[in-house]
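*Asks:* My structure is in upload-v8.cif, and what it holds is mmCIF, C-alpha atoms:
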data_query
loop_
_atom_site.label_atom_id
_atom_site.label_comp_id
_atom_site.auth_asym_id
_atom_site.auth_seq_id
_atom_site.Cartn_x
_atom_site.Cartn_y
_atom_site.Cartn_z
CA MET A 1 5.39 32.41 72.91
CA ASN A 2 8.51 30.79 74.41
CA ALA A 3 8.41 28.54 77.47
CA ALA A 4 9.48 31.29 79.88
CA GLY A 5 6.91 33.71 78.50
CA ARG A 6 4.12 31.13 78.69
CA GLN A 7 5.11 30.27 82.26
CA ALA A 8 4.74 33.93 83.23
CA ASP A 9 1.35 34.23 81.50
CA PRO A 10 -1.32 34.41 84.26
CA ILE A 11 -3.77 32.53 82.03
CA ALA A 12 -1.29 29.69 81.40
CA GLU A 13 -0.52 29.52 85.13
CA TYR A 14 -4.24 29.41 85.92
CA GLU A 15 -4.80 26.65 83.35
CA ALA A 16 -1.87 24.64 84.75
CA ALA A 17 -3.15 25.01 88.33
CA LEU A 18 -6.67 23.87 87.37
CA THR A 19 -5.30 20.96 85.33
CA ALA A 20 -3.29 19.84 88.37
CA VAL A 21 -6.19 19.87 90.85
CA LEU A 22 -9.05 18.55 88.70
CA HIS A 23 -9.68 14.82 88.22
CA GLY A 24 -12.21 13.14 85.98
CA PRO A 25 -12.71 11.26 82.72
CA GLY A 26 -9.89 12.30 80.34
CA GLY A 27 -12.08 13.64 77.54
CA GLU A 28 -14.48 15.51 79.84
CA LYS A 29 -11.62 17.10 81.79
CA ALA A 30 -9.78 18.14 78.62
CA ARG A 31 -12.95 19.73 77.17
CA MET A 32 -13.67 21.55 80.43
CA ILE A 33 -10.12 22.94 80.67
CA GLU A 34 -10.18 23.95 76.98
CA GLU A 35 -13.48 25.75 77.46
CA LEU A 36 -12.25 27.55 80.60
CA TRP A 37 -9.04 28.58 78.82
CA ASP A 38 -11.12 29.82 75.89
CA GLY A 39 -13.26 31.92 78.24
CA LEU A 40 -10.19 33.43 79.91
CA ALA A 41 -8.62 34.21 76.53
CA ASP A 42 -11.86 35.89 75.35
CA THR A 43 -12.05 37.96 78.55
CA ALA A 44 -8.41 39.03 78.22
CA GLU A 45 -8.98 39.95 74.55
CA ALA A 46 -11.92 42.14 75.54
CA HIS A 47 -9.70 44.01 78.03
CA VAL A 48 -6.97 44.40 75.40
CA ASP A 49 -9.60 45.88 73.04
CA GLU A 50 -10.40 48.39 75.81
CA GLY A 51 -6.74 49.52 75.75
CA GLU A 52 -5.10 47.42 78.49
CA SER A 53 -1.72 45.75 77.99
CA TYR A 54 -1.91 41.97 77.53
CA GLU A 55 -0.28 41.30 80.93
CA ARG A 56 -2.79 43.49 82.78
CA ALA A 57 -5.70 42.17 80.66
CA ALA A 58 -4.73 38.57 81.53
CA ARG A 59 -4.53 39.41 85.26
CA LEU A 60 -7.95 41.12 85.11
CA ALA A 61 -9.44 38.10 83.29
CA VAL A 62 -8.13 35.73 85.97
CA ARG A 63 -9.47 37.99 88.76
CA GLU A 64 -12.95 38.15 87.18
CA PHE A 65 -12.95 34.38 86.65
CA GLY A 66 -12.48 33.63 90.36
CA THR A 67 -9.53 32.01 92.10
CA VAL A 68 -8.62 28.38 91.44
CA GLU A 69 -9.75 27.65 95.03
CA GLU A 70 -13.21 29.10 94.21
CA ILE A 71 -13.66 27.53 90.78
CA ALA A 72 -12.08 24.08 91.23
CA PRO A 73 -14.73 22.64 93.62
CA VAL A 74 -17.57 23.59 91.22
CA CYS A 75 -15.72 22.08 88.25
CA GLN A 76 -14.74 19.00 90.26
CA ARG A 77 -18.39 18.39 91.20
CA GLU A 78 -19.30 18.18 87.48
CA LEU A 79 -16.29 15.98 86.69
CA THR A 80 -17.12 13.68 89.62
CA ILE A 81 -20.65 13.24 88.30
CA ALA A 82 -19.27 12.64 84.78
CA GLN A 83 -16.95 9.95 86.19
CA ALA A 84 -19.82 8.40 88.19
CA ARG A 85 -21.94 8.25 85.01
CA HIS A 86 -19.02 6.67 83.14
CA THR A 87 -18.66 3.99 85.84
CA ALA A 88 -22.43 3.46 85.91
CA ARG A 89 -22.54 2.91 82.13
CA THR A 90 -19.61 0.44 82.41
CA VAL A 91 -21.38 -1.51 85.17
CA ILE A 92 -24.63 -1.62 83.16
CA LEU A 93 -22.77 -2.99 80.11
CA ILE A 94 -20.72 -5.53 82.07
CA ALA A 95 -23.28 -6.86 84.58
CA PRO A 96 -25.27 -8.92 82.01
CA PHE A 97 -21.98 -10.39 80.76
CA LEU A 98 -21.07 -11.31 84.34
CA VAL A 99 -24.42 -13.07 84.83
CA ALA A 100 -23.86 -14.92 81.53
CA CYS A 101 -20.36 -15.98 82.70
CA TRP A 102 -21.73 -17.41 85.92
CA TYR A 103 -24.52 -19.19 84.04
CA LEU A 104 -21.90 -20.68 81.73
CA ALA A 105 -19.72 -21.79 84.64
CA ARG A 106 -22.75 -23.21 86.44
CA THR A 107 -24.08 -25.16 83.47
CA SER A 108 -20.74 -26.27 82.07
CA GLY A 109 -20.94 -29.51 84.01
CA LEU A 110 -24.57 -30.55 83.67
CA PRO A 111 -25.56 -34.00 84.96
CA GLY A 112 -24.27 -36.65 82.63
CA THR A 113 -21.08 -34.79 81.77
CA ALA A 114 -17.67 -35.70 83.13
CA TRP A 115 -17.30 -32.71 85.47
CA GLN A 116 -19.60 -30.55 87.57
CA LEU A 117 -19.04 -27.19 89.30
CA PRO A 118 -18.96 -27.88 93.05
CA ARG A 119 -22.23 -27.14 94.86
CA THR A 120 -20.65 -24.36 96.98
CA ALA A 121 -19.33 -22.67 93.84
CA GLN A 122 -22.78 -22.93 92.21
CA SER A 123 -24.32 -21.20 95.25
CA LEU A 124 -21.60 -18.51 95.14
CA ALA A 125 -22.33 -18.01 91.43
CA VAL A 126 -25.99 -17.32 92.16
CA HIS A 127 -25.15 -14.83 94.91
CA LEU A 128 -22.53 -12.98 92.89
CA ALA A 129 -24.88 -12.80 89.90
CA ALA A 130 -27.46 -11.24 92.23
CA VAL A 131 -24.84 -8.71 93.36
CA ALA A 132 -24.10 -7.86 89.72
CA ILE A 133 -27.80 -7.34 88.99
CA ALA A 134 -28.17 -5.10 92.07
CA ALA A 135 -25.11 -3.07 91.00
CA ALA A 136 -26.58 -2.69 87.49
CA LEU A 137 -29.90 -1.46 88.91
CA LEU A 138 -28.07 1.05 91.13
CA ALA A 139 -26.04 2.19 88.12
CA ALA A 140 -29.21 2.69 86.05
CA SER A 141 -30.75 4.70 88.91
CA THR A 142 -27.61 6.83 89.04
CA LEU A 143 -27.84 7.65 85.33
CA ALA A 144 -31.44 8.74 85.82
CA ALA A 145 -30.72 10.70 89.03
CA THR A 146 -27.82 12.62 87.46
CA GLY A 147 -29.62 13.07 84.13
CA THR A 148 -33.16 14.21 83.47
CA LEU A 149 -34.32 13.62 87.07
CA ALA A 150 -31.74 16.17 88.26
CA ARG A 151 -33.95 18.91 86.77
CA ARG A 152 -36.40 18.41 89.63
CA LEU A 153 -34.50 16.53 92.33
CA PRO A 154 -31.16 17.48 93.89
CA THR A 155 -28.42 14.92 93.27
CA PRO A 156 -27.38 13.33 96.60
CA ARG A 157 -23.81 14.43 97.36
CA ARG A 158 -22.67 10.91 98.22
CA LEU A 159 -24.21 9.23 95.16
CA PRO A 160 -20.89 9.26 93.19
CA LEU A 161 -19.19 7.49 96.12
CA VAL A 162 -21.97 4.87 96.23
CA VAL A 163 -21.58 4.27 92.48
CA ALA A 164 -17.81 4.05 92.89
CA TRP A 165 -18.21 1.26 95.45
CA ALA A 166 -20.85 -0.46 93.31
CA GLY A 167 -18.30 -0.45 90.49
CA THR A 168 -15.63 -1.79 92.86
CA THR A 169 -17.98 -4.60 93.95
CA THR A 170 -18.68 -5.46 90.31
CA SER A 171 -14.96 -5.54 89.56
CA VAL A 172 -14.39 -7.95 92.49
CA THR A 173 -17.18 -10.23 91.25
CA MET A 174 -15.57 -10.12 87.78
CA ALA A 175 -12.26 -11.22 89.33
CA VAL A 176 -13.99 -14.11 91.13
CA ALA A 177 -15.78 -15.02 87.89
CA THR A 178 -12.44 -15.05 86.05
CA LEU A 179 -10.94 -17.39 88.63
CA ALA A 180 -13.98 -19.70 88.56
CA LEU A 181 -14.02 -19.80 84.75
CA ALA A 182 -10.28 -20.56 84.67
CA VAL A 183 -10.76 -23.48 87.08
CA ALA A 184 -13.82 -24.66 85.15
CA ALA A 185 -11.91 -24.46 81.84
CA ALA A 186 -9.08 -26.54 83.30
CA LEU A 187 -11.45 -29.27 84.50
CA ALA A 188 -14.31 -29.32 81.97
CA THR A 189 -14.39 -31.01 78.61
CA ASP A 190 -15.88 -27.99 76.78
CA TRP A 191 -12.96 -25.81 77.89
CA PRO A 192 -12.50 -23.48 74.84
CA LEU A 193 -15.77 -21.62 75.48
CA LEU A 194 -15.04 -21.36 79.22
CA ALA A 195 -11.49 -20.14 78.55
CA LEU A 196 -12.81 -17.48 76.15
CA ALA A 197 -15.40 -16.36 78.72
CA GLY A 198 -12.64 -16.25 81.36
CA ALA A 199 -10.44 -14.05 79.17
CA LEU A 200 -13.33 -11.67 78.45
CA SER A 201 -14.17 -11.65 82.15
CA ALA A 202 -10.57 -10.68 83.01
CA ALA A 203 -10.67 -7.86 80.46
CA SER A 204 -14.01 -6.64 81.82
CA HIS A 205 -12.60 -6.74 85.35
CA ALA A 206 -9.72 -4.48 84.26
CA VAL A 207 -12.10 -1.97 82.61
CA VAL A 208 -14.58 -1.70 85.49
CA ALA A 209 -11.84 -1.72 88.17
CA SER A 210 -10.07 1.20 86.49
CA SER A 211 -13.29 3.22 86.17
CA ALA A 212 -14.31 2.43 89.77
CA ARG A 213 -10.88 3.49 91.06
CA ALA A 214 -11.15 6.82 89.21
CA SER A 215 -14.69 7.26 90.59
CA ARG A 216 -13.55 6.67 94.17
CA ARG A 217 -10.81 9.27 93.77
CA CYS A 218 -13.19 11.85 92.26
CA ALA A 219 -15.88 11.15 94.86
CA ARG A 220 -13.44 11.68 97.73
CA LEU A 221 -12.40 15.03 96.20
CA ALA A 222 -16.00 16.15 95.72
CA VAL A 223 -17.14 15.13 99.21
CA ALA A 224 -14.05 16.57 100.95
CA MET B 225 -25.69 42.74 93.12
CA LYS B 226 -23.30 40.28 94.80
CA THR B 227 -22.46 36.82 93.47
CA ASP B 228 -24.29 35.01 96.31
CA ALA B 229 -27.56 36.79 95.50
CA VAL B 230 -27.30 35.77 91.83
CA ARG B 231 -26.42 32.11 92.48
CA GLY B 232 -29.97 30.88 93.09
CA HIS B 233 -31.13 32.39 89.80
CA LEU B 234 -28.15 31.44 87.65
CA ASP B 235 -29.93 28.68 85.71
CA GLY B 236 -32.78 31.00 84.74
CA LEU B 237 -30.37 33.77 83.70
CA LEU B 238 -28.35 31.41 81.50
CA LEU B 239 -31.47 29.94 79.88
CA ALA B 240 -32.87 33.44 79.25
CA VAL B 241 -29.81 34.80 77.42
CA LEU B 242 -29.74 31.68 75.23
CA GLU B 243 -33.38 32.09 74.20
CA PRO B 244 -32.64 34.16 71.05
CA GLY B 245 -30.07 31.69 69.73
CA PRO B 246 -26.82 29.77 70.31
CA LEU B 247 -23.93 31.50 72.10
CA HIS B 248 -20.49 30.48 73.38
CA GLY B 249 -19.40 30.86 77.01
CA TYR B 250 -17.92 34.35 76.90
CA ALA B 251 -20.85 35.70 74.84
CA ILE B 252 -23.25 34.26 77.44
CA ILE B 253 -21.39 36.05 80.25
CA ALA B 254 -21.36 39.30 78.26
CA ALA B 255 -25.09 38.96 77.52
CA VAL B 256 -25.94 38.51 81.23
CA GLN B 257 -23.84 41.54 82.15
CA ASN B 258 -25.24 43.67 79.29
CA ARG B 259 -28.86 42.79 80.05
CA SER B 260 -28.37 43.63 83.73
CA GLY B 261 -26.62 46.91 82.89
CA GLY B 262 -23.53 45.63 84.67
CA VAL B 263 -25.43 45.33 87.98
CA LEU B 264 -25.09 41.53 88.28
CA GLU B 265 -21.66 40.42 89.47
CA LEU B 266 -20.70 36.91 88.39
CA ARG B 267 -17.62 34.85 89.13
CA THR B 268 -17.36 34.14 85.42
CA GLY B 269 -15.48 30.88 85.95
CA THR B 270 -18.55 29.35 87.60
CA ILE B 271 -20.59 29.83 84.42
CA TYR B 272 -18.83 27.01 82.54
CA PRO B 273 -19.58 24.16 84.99
CA ALA B 274 -23.15 25.53 85.25
CA LEU B 275 -23.49 25.29 81.45
CA ASN B 276 -22.09 21.73 81.58
CA ARG B 277 -24.68 20.83 84.25
CA LEU B 278 -27.57 22.31 82.24
CA GLU B 279 -26.44 20.28 79.25
CA ARG B 280 -26.21 17.11 81.36
CA VAL B 281 -29.81 17.45 82.53
CA GLY B 282 -31.00 18.08 78.97
CA LEU B 283 -31.89 21.79 79.12
CA LEU B 284 -29.06 22.79 76.73
CA SER B 285 -27.23 21.14 73.87
CA SER B 286 -23.75 22.09 72.71
CA SER B 287 -21.48 21.80 69.69
CA TRP B 288 -17.87 22.79 69.06
CA GLU B 289 -17.34 25.38 66.34
CA SER B 290 -14.09 26.62 64.81
CA ALA B 291 -13.19 30.27 65.34
CA GLY B 292 -9.92 30.85 63.52
CA GLU B 293 -7.31 28.63 65.15
CA ARG B 294 -9.49 28.11 68.21
CA ARG B 295 -12.50 25.94 68.93
CA ARG B 296 -15.49 27.31 70.78
CA ARG B 297 -18.26 25.39 72.49
CA CYS B 298 -21.63 26.90 71.57
CA TYR B 299 -24.75 26.22 73.62
CA GLU B 300 -28.40 26.38 72.64
CA LEU B 301 -31.72 25.75 74.36
CA THR B 302 -33.44 22.42 73.92
CA GLU B 303 -37.25 22.20 73.85
CA GLU B 304 -37.16 21.14 77.50
CA GLY B 305 -34.93 24.16 78.18
CA ARG B 306 -37.56 26.48 76.67
CA ARG B 307 -40.29 24.91 78.80
CA THR B 308 -38.13 25.25 81.92
CA LEU B 309 -37.42 28.91 81.10
CA ALA B 310 -41.16 29.59 80.79
CA GLY B 311 -41.66 27.97 84.19
CA GLU B 312 -38.82 30.03 85.72
CA ARG B 313 -40.43 33.23 84.39
CA THR B 314 -43.83 32.35 85.84
CA ALA B 315 -42.30 31.46 89.22
CA TRP B 316 -40.27 34.70 89.24
CA ASP B 317 -43.34 36.83 88.39
CA GLU B 318 -45.32 35.22 91.22
CA PHE B 319 -42.40 35.69 93.63
CA THR B 320 -41.80 39.37 92.82
CA THR B 321 -45.55 40.10 92.93
CA ALA B 322 -45.83 38.52 96.38
CA ILE B 323 -42.72 40.29 97.73
CA GLY B 324 -43.83 43.58 96.15
CA SER B 325 -47.21 43.29 97.84
CA VAL B 326 -45.52 42.92 101.22
CA LEU B 327 -42.99 45.70 100.67
CA ASN B 328 -45.57 48.10 99.21
CA PRO B 329 -48.80 47.32 101.11
CA SER B 330 -50.61 50.38 99.72
CA THR B 331 -51.66 48.43 96.64
CA PRO B 332 -52.41 44.87 97.75
CA PRO B 333 -53.07 42.52 94.85
CA GLY B 334 -56.70 41.71 94.09
CA LEU B 335 -58.13 44.74 95.88
CA PRO B 336 -59.56 47.79 94.09
CA THR B 337 -57.36 50.86 94.44
#
Rewrite the structure of this file - the entire thing - as structure tokens.
*Replies:*
Amino acid sequence: MNAAGRQADPIAEYEAALTAVLHGPGGEKARMIEELWDGLADTAEAHVDEGESYERAARLAVREFGTVEEIAPVCQRELTIAQARHTARTVILIAPFLVACWYLARTSGLPGTAWQLPRTAQSLAVHLAAVAIAAALLAASTLAATGTLARRLPTPRRLPLVVAWAGTTTSVTMAVATLALAVAAALATDWPLLALAGALSAASHAVVASSARASRRCARLAVA
Amino acid sequence: MKTDAVRGHLDGLLLAVLEPGPLHGYAIIAAVQNRSGGVLELRTGTIYPALNRLERVGLLSSSWESAGERRRRCYELTEEGRRTLAGERTAWDEFTTAIGSVLNPSTPPGLPT
């Protein structure tokens, strides 16, 4: 089918409209759109088998499916939860690394060595590590609440937004950790290990910040 | 029967039509409509996110299968899905018995007729 013909196809228009309004993890969104397109194509084929022209069959399939305004919120809810679970898994994986980074920064200048992390920074390290642990626990609870627990308990509507902000908090603590490790690497004698931890911390910050940003966007769409 | 009336029972309907074996989305919709004799009206587009949700909570599993040039996502019941379906049936039987007893008081349950 040429570009003009595809543009006029009600199923292609429907697919394009849904693709434009839905947001979520790339793979999940692509699979959902593919499955919806497949369902529309099957419905249209069934109408063609009953003797309708393709154009009319495609219009009937779209009508039976429901309008984009009716279907998009239901699909977006699933994609928002998928994004929240993605962010939760990222936080769970990164939080122990963050705690390890702070431990490394805190112990890099033990008594007897040439340099010590300032006392204020050591206190900040403890607090931010506690924040990371709390975020990881919240993330684990989210995975349970949107997984098997959801069979019996309704998923709170604002949970994806809470996870999004937990991810954002983790990403900020990763940024602070990166800065602290960079300063520590510049001042300490055992700098290669600190520099490596700082680089990994920066990469982790980028990963969790990106996922948290996507979660915030999805959560706003689902709550709106 | 209108879409709103069906919504509260959608999970049970989807689990029930998947009991005999795996089906893809359109076949699931067709099975619901065939079993109901065309009485149940569904916004068919809402079936797909519902199937995704049932898979997320572990009541269904899915796999992609090739069908010519296309790929189709086929769903099947998990063991937990079968247990949940049995529970849905029991709850539905109790509900319809109770409502039936109120609507048709001539034969109250538990009393000799």
*Asks:* Got a sec: who's within 8 Å of Leu239 (chain B), counting only C-alpha atoms, leaving out chain neighbours fewer than 6 positions off, as a PyMOL selection string?
*Replies:* chain B and resi 301+305-306+309
*Asks:* Output the residue selection produced by the PyMOL selection byres ((chain A) within 8 of (chain B)) on the file above, formatted as a PyMOL selection string.
*Replies:* chain A and resi 32+35-36+38-39+42-43+64-66+71+74-75+78+146-151
*Asks:* Do you know which residues the PyMOL selection byres ((chain A and resi 138) around 12) returns on this file, as a count of residues only?
*Replies:* 32
*Asks:* Around (-18.6, 19.1, 92.6) in the file's own coordinates, what residues are found within 9 Å if you use all atoms listed in the file, given back as a list in words?
*Replies:* Ala72, Pro73, Val74, Cys75, Gln76, Arg77, Glu78, Leu79, Thr80, Ile81, Arg157, Ala219, Leu221, Ala222 and Val223 of chain A
*Asks:* Please return as a list in words every residue within 12 Å of (-9.7, -5.7, 85.8), taking into account all atoms listed in the file and the file's own coordinates.
*Replies:*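 Answer for this query, in the requested form: Ile94, Gly167, Thr168, Thr169, Thr170, Ser171, Val172, Thr173, Met174, Ala175, Val176, Ala177, Thr178, Gly198, Ala199, Leu200, Ser201, Ala202, Ala203, Ser204, His205, Ala206, Val207, Val208, Ala209, Ser210, Ser211, Ala212 and Arg213 of chain A.
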*Asks:* With 5 Å on each side, where is the centre of the axis-aligned box around all listed atoms of region 127-139 of chain A, and how long are its edges in Å to one decimal, as lines of an AutoDock Vina configuration file?
*Replies:*
center_x = -26.2
center_y = -6.3
center_z = 91.2
size_x = 17.4
size_y = 27.0
size_z = 17.4
*Asks:* Quick check, in Å to one decimal: how far apart do CA of His23 (chain A) and CA of Ala214 (chain A) lie?
*Replies:*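 Value for the CA of His23 (chain A)-CA of Ala214 (chain A) distance: 8.2 Å.
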*Asks:* Which value, in Å to one decimal, gives the distance between CA of Val48 (chain A) and CA of Glu293 (chain B)?
*Replies:*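 CA of Glu293 (chain B) lies 18.8 Å from CA of Val48 (chain A).
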*Asks:* For a test of reading the model, state the distance in Å between CA of Leu98 (chain A) and CA of Val183 (chain A), rounded to one decimal.
*Replies:*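 Computed distance, CA of Leu98 (chain A) to CA of Val183 (chain A), equals 16.2 Å.
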*Asks:* Would you please work out which residue, of A:Pro156, A:Pro192, A:Gly27, A:Pro10, is nearest to Gln83 (chain A) when using all atoms listed in the file?
*Replies:*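 Of all the options, A:Gly27 lies closest to Gln83 (chain A).
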*Asks:* To verify the selection step, state as an MDAnalysis selection string which residues the PyMOL selection byres ((chain A and resi 59) around 12) yields on this input.
*Replies:* chainID A and resid 8:14 40:41 43:45 47:48 52:58 60:67
*Asks:* Which neighbours of region 180-182 of chain A fall inside 8 Å, counting all atoms listed in the file, when residues of the same chain fewer than 4 positions from it are skipped, and could you give them as JSON, numbers by chain?
*Replies:* {"A": [101, 105, 176, 186, 194, 195, 197, 198]}
*Asks:* My list of candidates is A:Ala20, A:Leu196, A:Leu161, A:Ala184. Which is closest to Arg220 (chain A) when distances are computed with all atoms listed in the file?
*Replies:*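 Nearest candidate to Arg220 (chain A) out of A:Ala20, A:Leu196, A:Leu161, A:Ala184: A:Leu161.
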*Asks:* Using all atoms listed in the file, pick whichever of A:Ala82, A:Trp191, A:Ala30, A:Ala17 has the shortest atom-to-atom distance to Glu69 (chain A).
*Replies:* A:Ala17
